[in-house]
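Coordinates from target.pdb are shown below (PDB, C-alpha atoms).
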ATOM      1  CA  MET A 165     -70.491 -64.136  22.789
ATOM      2  CA  THR A 166     -67.905 -66.373  21.138
ATOM      3  CA  LYS A 167     -64.219 -65.830  21.673
ATOM      4  CA  HIS A 168     -62.669 -65.065  18.301
ATOM      5  CA  SER A 169     -59.080 -63.916  17.858
ATOM      6  CA  ASN A 170     -57.048 -63.647  14.680
ATOM      7  CA  VAL A 171     -53.902 -61.924  13.530
ATOM      8  CA  HIS A 172     -54.231 -60.209  10.177
ATOM      9  CA  ARG A 173     -51.903 -58.030   8.148
ATOM     10  CA  GLY A 174     -53.189 -54.930   6.502
ATOM     11  CA  VAL A 175     -52.350 -51.587   4.976
ATOM     12  CA  VAL A 176     -53.275 -48.258   6.542
ATOM     13  CA  HIS A 177     -55.124 -45.754   4.318
ATOM     14  CA  GLY A 178     -55.746 -42.726   6.554
ATOM     15  CA  LYS A 179     -58.256 -43.894   9.186
ATOM     16  CA  THR A 180     -59.022 -47.130   7.308
ATOM     17  CA  ILE A 181     -57.055 -50.387   7.540
ATOM     18  CA  GLU A 182     -57.407 -52.701   4.548
ATOM     19  CA  LEU A 183     -56.873 -56.294   5.721
ATOM     20  CA  ASP A 184     -55.210 -58.973   3.624
ATOM     21  CA  GLY A 185     -58.060 -61.440   4.094
ATOM     22  CA  GLU A 186     -61.468 -62.158   5.570
ATOM     23  CA  THR A 187     -61.877 -61.938   9.350
ATOM     24  CA  GLY A 188     -64.748 -64.388   9.671
ATOM     25  CA  LEU A 189     -66.708 -61.800  11.647
ATOM     26  CA  PRO A 190     -70.069 -60.355  10.640
ATOM     27  CA  ASP A 191     -70.201 -56.907   9.063
ATOM     28  CA  GLY A 192     -70.652 -54.252  11.754
ATOM     29  CA  GLN A 193     -69.074 -56.351  14.525
ATOM     30  CA  GLU A 194     -67.197 -54.193  17.050
ATOM     31  CA  VAL A 195     -63.570 -55.204  17.510
ATOM     32  CA  THR A 196     -60.496 -54.138  19.431
ATOM     33  CA  VAL A 197     -57.493 -53.333  17.275
ATOM     34  CA  THR A 198     -53.838 -53.236  18.289
ATOM     35  CA  VAL A 199     -51.728 -51.689  15.549
ATOM     36  CA  GLN A 200     -48.079 -52.684  15.186
ATOM     37  CA  PRO A 201     -46.023 -51.657  12.177
ATOM     38  CA  VAL A 202     -44.493 -54.540  10.237
ATOM     39  CA  LYS A 203     -40.718 -54.375  10.327
ATOM     40  CA  PRO A 204     -39.111 -54.573   6.877
ATOM     41  CA  ASP A 205     -37.592 -58.012   7.595
ATOM     42  CA  GLN A 206     -40.979 -59.393   8.787
ATOM     43  CA  LYS A 207     -42.869 -58.880   5.534
ATOM     44  CA  LYS A 208     -42.272 -62.171   3.749
ATOM     45  CA  LEU A 209     -40.118 -65.180   4.552
ATOM     46  CA  PRO A 210     -38.886 -67.500   1.813
ATOM     47  CA  PRO A 211     -40.868 -70.756   1.518
ATOM     48  CA  GLY A 212     -39.992 -73.125   4.388
ATOM     49  CA  GLU A 213     -38.079 -70.516   6.392
ATOM     50  CA  GLY A 214     -40.811 -70.143   9.006
ATOM     51  CA  LEU A 215     -40.771 -73.889   9.676
ATOM     52  CA  ARG A 216     -36.980 -73.933   9.830
ATOM     53  CA  ARG A 217     -37.005 -71.139  12.389
ATOM     54  CA  SER A 218     -39.720 -72.795  14.476
ATOM     55  CA  PHE A 219     -37.679 -75.998  14.789
ATOM     56  CA  GLY A 220     -34.929 -74.004  16.486
ATOM     57  CA  ALA A 221     -32.062 -76.247  17.574
ATOM     58  CA  TRP A 222     -33.539 -79.203  15.658
ATOM     59  CA  ALA A 223     -33.426 -77.355  12.313
ATOM     60  CA  ASP A 224     -30.027 -78.754  11.361
ATOM     61  CA  ASP A 225     -30.290 -82.120  13.135
ATOM     62  CA  ALA A 226     -33.130 -84.103  11.572
ATOM     63  CA  ASP A 227     -31.739 -87.509  12.643
ATOM     64  CA  ASP A 228     -31.713 -86.627  16.344
ATOM     65  CA  LEU A 229     -35.164 -85.055  15.981
ATOM     66  CA  ASP A 230     -36.510 -88.325  14.561
ATOM     67  CA  LYS A 231     -34.956 -90.262  17.469
ATOM     68  CA  TYR A 232     -36.467 -87.860  20.007
ATOM     69  CA  LEU A 233     -39.931 -88.025  18.432
ATOM     70  CA  GLU A 234     -39.853 -91.833  18.408
ATOM     71  CA  TRP A 235     -38.717 -91.874  22.062
ATOM     72  CA  ASN A 236     -41.564 -89.475  22.899
ATOM     73  CA  ARG A 237     -44.137 -91.739  21.161
ATOM     74  CA  GLN A 238     -42.875 -94.728  23.134
ATOM     75  CA  GLN A 239     -43.062 -92.814  26.432
ATOM     76  CA  ARG A 240     -46.703 -91.971  25.764
ATOM     77  CA  LYS A 241     -47.525 -95.662  25.415
ATOM     78  CA  ILE A 242     -46.124 -96.599  28.826
ATOM     79  CA  GLY A 243     -48.886 -97.352  31.311
ATOM     80  CA  ARG A 244     -51.713 -97.067  28.786
ATOM     81  CA  PRO A 245     -54.035-100.002  28.327
ATOM     82  CA  GLU A 246     -54.221-101.539  24.864
ATOM     83  CA  ILE A 247     -57.208-100.531  22.763
ATOM     84  CA  GLU A 248     -59.396-103.496  21.896
ATOM     85  CA  LEU A 249     -61.132-103.344  18.547
TER      86      LEU A 249
END

Structure translated into structure tokens:
Amino acid sequence: MTKHSNVHRGVVHGKTIELDGETGLPDGQEVTVTVQPVKPDQKKLPPGEGLRRSFGAWADDADDLDKYLEWNRQQRKIGRPEIEL
């Protein structure tokens, strides 16, 4: 049995839930469903808003984010042998 987990949105119609997209599972596959109502403010974010929120404190400080990412890349190189082609 393969482990398959997705989050889908849907609309309830009585005892039926119509999903917004394909699940990738075969027809007739048993599943476990956890139903959580979508809050009004969770329906649709403006384009780019999800990314902005995920960056958290870095969202308004792109220059420092670039410096941190470069520092992180350099730290990963320390102690690694060079790759010979």

Dump as a list in words all residues having an atom at most 9 Å from (-52.5, -58.3, 2.7), computed in the file's coordinates with only C-alpha atoms.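 The requested residues, written out, are His172, Arg173, Gly174, Val175, Glu182, Leu183, Asp184 and Gly185 of chain A.
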
Would you write out, as an mmCIF file with C-alpha atoms, in the frame of the given file, every residue that the PyMOL selection byres ((chain A and resi 196) around 12) captures in this file?
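As a result, expr.cif now contains:
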data_model
loop_
_atom_site.group_PDB
_atom_site.id
_atom_site.type_symbol
_atom_site.label_atom_id
_atom_site.label_comp_id
_atom_site.auth_asym_id
_atom_site.auth_seq_id
_atom_site.Cartn_x
_atom_site.Cartn_y
_atom_site.Cartn_z
ATOM 1 C CA HIS A 168 -62.669 -65.065 18.301
ATOM 2 C CA SER A 169 -59.080 -63.916 17.858
ATOM 3 C CA ASN A 170 -57.048 -63.647 14.680
ATOM 4 C CA VAL A 171 -53.902 -61.924 13.530
ATOM 5 C CA GLN A 193 -69.074 -56.351 14.525
ATOM 6 C CA GLU A 194 -67.197 -54.193 17.050
ATOM 7 C CA VAL A 195 -63.570 -55.204 17.510
ATOM 8 C CA VAL A 197 -57.493 -53.333 17.275
ATOM 9 C CA THR A 198 -53.838 -53.236 18.289
ATOM 10 C CA VAL A 199 -51.728 -51.689 15.549
#

In Å, rounded to a single decimal, give me how far atom CA of A:Ala221 is from atom CA of A:Ile242. 27.2 Å

Around stretch 204-218 of chain A, fit a box with edges along x, y and z, padding it by 3 Å on each side, then list its centre and edge lengths in Å to one decimal as AutoDock Vina command-line options.
--center_x -39.9 --center_y -64.3 --center_z 8.0 --size_x 11.9 --size_y 25.4 --size_z 19.0

Between atom CA of A:Asp191 and atom CA of A:Lys203, what is the distance in Å, rounded to a tenth? 29.6 Å

Give me, please, the distance in Å between atom CA of A:Gly214 and atom CA of A:Asp230, quoted to one decimal.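 So the two atoms, atom CA of A:Gly214 and atom CA of A:Asp230, lie 19.5 Å apart.
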